[in-house]
>>> print(open('coords01.pdb').read())   # PDB, C-alpha atoms, pLDDT in the B column
ATOM      1  CA  MET A   1      18.165 -23.698 -18.950  1.00 47.00           C
ATOM      2  CA  ALA A   2      20.251 -20.543 -18.704  1.00 54.00           C
ATOM      3  CA  THR A   3      20.419 -18.935 -15.287  1.00 67.00           C
ATOM      4  CA  GLY A   4      20.212 -15.171 -14.877  1.00 81.00           C
ATOM      5  CA  ILE A   5      23.183 -13.397 -13.340  1.00 87.00           C
ATOM      6  CA  ILE A   6      21.338 -12.465 -10.122  1.00 86.00           C
ATOM      7  CA  LYS A   7      20.131 -16.028  -9.609  1.00 87.00           C
ATOM      8  CA  GLN A   8      23.643 -17.329 -10.321  1.00 90.00           C
ATOM      9  CA  ILE A   9      25.104 -15.004  -7.664  1.00 91.00           C
ATOM     10  CA  PHE A  10      22.567 -16.286  -5.136  1.00 91.00           C
ATOM     11  CA  GLU A  11      23.281 -19.908  -6.066  1.00 91.00           C
ATOM     12  CA  ASP A  12      27.008 -19.315  -5.601  1.00 94.00           C
ATOM     13  CA  LYS A  13      26.958 -17.202  -2.428  1.00 94.00           C
ATOM     14  CA  TRP A  14      23.654 -17.694  -0.565  1.00 94.00           C
ATOM     15  CA  GLY A  15      24.773 -20.583   1.646  1.00 92.00           C
ATOM     16  CA  GLU A  16      27.825 -18.679   2.859  1.00 94.00           C
ATOM     17  CA  PHE A  17      25.849 -15.447   3.337  1.00 94.00           C
ATOM     18  CA  LYS A  18      23.019 -16.951   5.388  1.00 92.00           C
ATOM     19  CA  GLU A  19      25.517 -18.661   7.713  1.00 93.00           C
ATOM     20  CA  LYS A  20      27.211 -15.339   8.381  1.00 94.00           C
ATOM     21  CA  TYR A  21      24.254 -12.968   8.861  1.00 94.00           C
ATOM     22  CA  PRO A  22      20.880 -13.149  10.635  1.00 94.00           C
ATOM     23  CA  ILE A  23      18.064 -13.339   8.082  1.00 93.00           C
ATOM     24  CA  ARG A  24      14.320 -13.025   8.650  1.00 94.00           C
ATOM     25  CA  PRO A  25      12.252 -16.162   7.922  1.00 94.00           C
ATOM     26  CA  THR A  26      10.315 -14.351   5.178  1.00 92.00           C
ATOM     27  CA  VAL A  27      13.520 -13.557   3.315  1.00 92.00           C
ATOM     28  CA  LEU A  28      14.701 -17.169   3.656  1.00 93.00           C
ATOM     29  CA  SER A  29      11.403 -18.361   2.190  1.00 92.00           C
ATOM     30  CA  GLU A  30      11.449 -15.907  -0.733  1.00 91.00           C
ATOM     31  CA  VAL A  31      15.053 -16.692  -1.649  1.00 92.00           C
ATOM     32  CA  LYS A  32      14.348 -20.437  -1.518  1.00 92.00           C
ATOM     33  CA  LYS A  33      11.398 -19.964  -3.882  1.00 91.00           C
ATOM     34  CA  MET A  34      13.510 -17.834  -6.229  1.00 91.00           C
ATOM     35  CA  LEU A  35      16.299 -20.402  -6.323  1.00 92.00           C
ATOM     36  CA  THR A  36      13.859 -23.181  -7.280  1.00 91.00           C
ATOM     37  CA  CYS A  37      11.901 -21.113  -9.833  1.00 91.00           C
ATOM     38  CA  LYS A  38      11.194 -23.182 -12.984  1.00 90.00           C
ATOM     39  CA  ASP A  39      12.986 -26.175 -11.439  1.00 90.00           C
ATOM     40  CA  MET A  40      11.381 -29.286 -12.924  1.00 92.00           C
ATOM     41  CA  SER A  41      11.755 -31.155  -9.625  1.00 92.00           C
ATOM     42  CA  GLU A  42       9.356 -28.612  -8.075  1.00 89.00           C
ATOM     43  CA  GLY A  43       6.665 -29.435 -10.638  1.00 92.00           C
ATOM     44  CA  TYR A  44       5.931 -28.734 -14.284  1.00 94.00           C
ATOM     45  CA  SER A  45       3.296 -28.606 -16.989  1.00 95.00           C
ATOM     46  CA  LYS A  46       3.454 -30.828 -20.047  1.00 96.00           C
ATOM     47  CA  PHE A  47       2.362 -29.417 -23.401  1.00 96.00           C
ATOM     48  CA  CYS A  48       1.874 -31.561 -26.487  1.00 96.00           C
ATOM     49  CA  CYS A  49       1.266 -30.177 -29.986  1.00 94.00           C
ATOM     50  CA  PRO A  50      -1.688 -32.015 -31.538  1.00 93.00           C
ATOM     51  CA  THR A  51      -0.277 -31.445 -35.032  1.00 93.00           C
ATOM     52  CA  CYS A  52       3.355 -32.526 -34.764  1.00 94.00           C
ATOM     53  CA  ASN A  53       3.262 -34.305 -31.377  1.00 92.00           C
ATOM     54  CA  GLU A  54       6.179 -32.233 -30.078  1.00 95.00           C
ATOM     55  CA  VAL A  55       6.233 -32.328 -26.285  1.00 95.00           C
ATOM     56  CA  ARG A  56       7.451 -29.482 -24.074  1.00 95.00           C
ATOM     57  CA  TYR A  57       7.854 -29.421 -20.325  1.00 95.00           C
ATOM     58  CA  VAL A  58       7.676 -26.068 -18.563  1.00 93.00           C
ATOM     59  CA  GLY A  59       8.687 -25.742 -14.911  1.00 92.00           C
ATOM     60  CA  PHE A  60       6.350 -23.944 -12.533  1.00 93.00           C
ATOM     61  CA  THR A  61       7.291 -20.410 -11.627  1.00 90.00           C
ATOM     62  CA  CYS A  62       7.848 -19.345  -8.030  1.00 89.00           C
ATOM     63  CA  LYS A  63       5.745 -16.145  -8.086  1.00 86.00           C
ATOM     64  CA  SER A  64       8.171 -14.683  -5.556  1.00 85.00           C
ATOM     65  CA  ARG A  65       8.538 -10.926  -5.344  1.00 80.00           C
ATOM     66  CA  PHE A  66      12.263 -11.580  -4.958  1.00 81.00           C
ATOM     67  CA  CYS A  67      12.611 -13.410  -8.283  1.00 85.00           C
ATOM     68  CA  THR A  68      13.934 -11.259 -11.119  1.00 83.00           C
ATOM     69  CA  SER A  69      11.602 -13.007 -13.551  1.00 83.00           C
ATOM     70  CA  CYS A  70       8.396 -13.451 -11.531  1.00 84.00           C
ATOM     71  CA  GLY A  71       8.787 -10.264  -9.507  1.00 80.00           C
ATOM     72  CA  ARG A  72       9.265  -8.188 -12.627  1.00 79.00           C
ATOM     73  CA  LYS A  73       6.140  -9.581 -14.232  1.00 80.00           C
ATOM     74  CA  ALA A  74       4.097  -8.906 -11.093  1.00 79.00           C
ATOM     75  CA  THR A  75       5.444  -5.358 -10.919  1.00 82.00           C
ATOM     76  CA  GLU A  76       4.594  -4.684 -14.558  1.00 84.00           C
ATOM     77  CA  GLN A  77       1.051  -5.980 -14.034  1.00 84.00           C
ATOM     78  CA  TRP A  78       0.646  -3.822 -10.925  1.00 84.00           C
ATOM     79  CA  VAL A  79       1.879  -0.711 -12.765  1.00 86.00           C
ATOM     80  CA  GLU A  80      -0.475  -1.369 -15.687  1.00 86.00           C
ATOM     81  CA  LYS A  81      -3.456  -1.795 -13.367  1.00 85.00           C
ATOM     82  CA  LEU A  82      -2.565   1.272 -11.325  1.00 83.00           C
ATOM     83  CA  SER A  83      -2.023   3.448 -14.392  1.00 80.00           C
ATOM     84  CA  LYS A  84      -5.507   2.583 -15.654  1.00 79.00           C
ATOM     85  CA  GLU A  85      -7.031   3.550 -12.319  1.00 77.00           C
ATOM     86  CA  LEU A  86      -5.157   6.827 -11.956  1.00 76.00           C
ATOM     87  CA  PHE A  87      -5.091   8.263 -15.462  1.00 65.00           C
ATOM     88  CA  GLU A  88      -8.036   8.646 -17.789  1.00 67.00           C
ATOM     89  CA  VAL A  89      -6.010   8.777 -21.002  1.00 64.00           C
ATOM     90  CA  PRO A  90      -5.785   6.383 -23.932  1.00 66.00           C
TER      91      PRO A  90
END
>>> encode(input="coords01.pdb", output="structure tokens")
Amino acid sequence: MATGIIKQIFEDKWGEFKEKYPIRPTVLSEVKKMLTCKDMSEGYSKFCCPTCNEVRYVGFTCKSRFCTSCGRKATEQWVEKLSKELFEVP
């Protein structure tokens, strides 16, 4: 699976960075989740097409606010919900 550029930078430099600078436990946890997002070793769902019997495995997402994929989706959902509450327009 292709890795996004931000995730690739973290994979390449995170170990060196966290050894050099003090980092809050919450940040360590969020970065760890982001780095293992969609990693099959962290768990997955199996989907099987009843017609052609094609099988697909999809890794679980991390749901981290730090993840460029999961965090973006959460932000978009939050904006959509908030816009419906604030504006009474179609």
>>> closest_residue(input="coords01.pdb", among="A:Gly15, A:Pro25, A:Gly59, A:Gly4", to="A:Ser41", atoms="all atoms listed in the file")
A:Gly59
>>> residues_around(input="coords01.pdb", residues="A:Lys46", least_positions_apart="6", cutoff="10 Å", atoms="all atoms listed in the file", output="ChimeraX atom specification")
/A:55-59
>>> atom_distance(input="coords01.pdb", atom1="atom CA of A:Glu11", atom2="atom CA of A:Thr75")
23.5 Å
>>> atom_distance(input="coords01.pdb", atom1="atom CA of A:Gln8", atom2="atom CA of A:Cys62")
16.1 Å
>>> closest_residue(input="coords01.pdb", among="A:Val79, A:Ile5, A:Cys52, A:Cys70", to="A:Met34", atoms="all atoms listed in the file")
A:Cys70
>>> closest_residue(input="coords01.pdb", among="A:Lys13, A:Gln77, A:Phe66, A:Phe60", to="A:Ser45", atoms="all atoms listed in the file")
A:Phe60
>>> closest_residue(input="coords01.pdb", among="A:Leu35, A:Glu42, A:Val27, A:Thr61", to="A:Ile6", atoms="all atoms listed in the file")
A:Leu35
>>> atom_distance(input="coords01.pdb", atom1="atom CA of A:Glu19", atom2="atom CA of A:Lys38")
25.6 Å
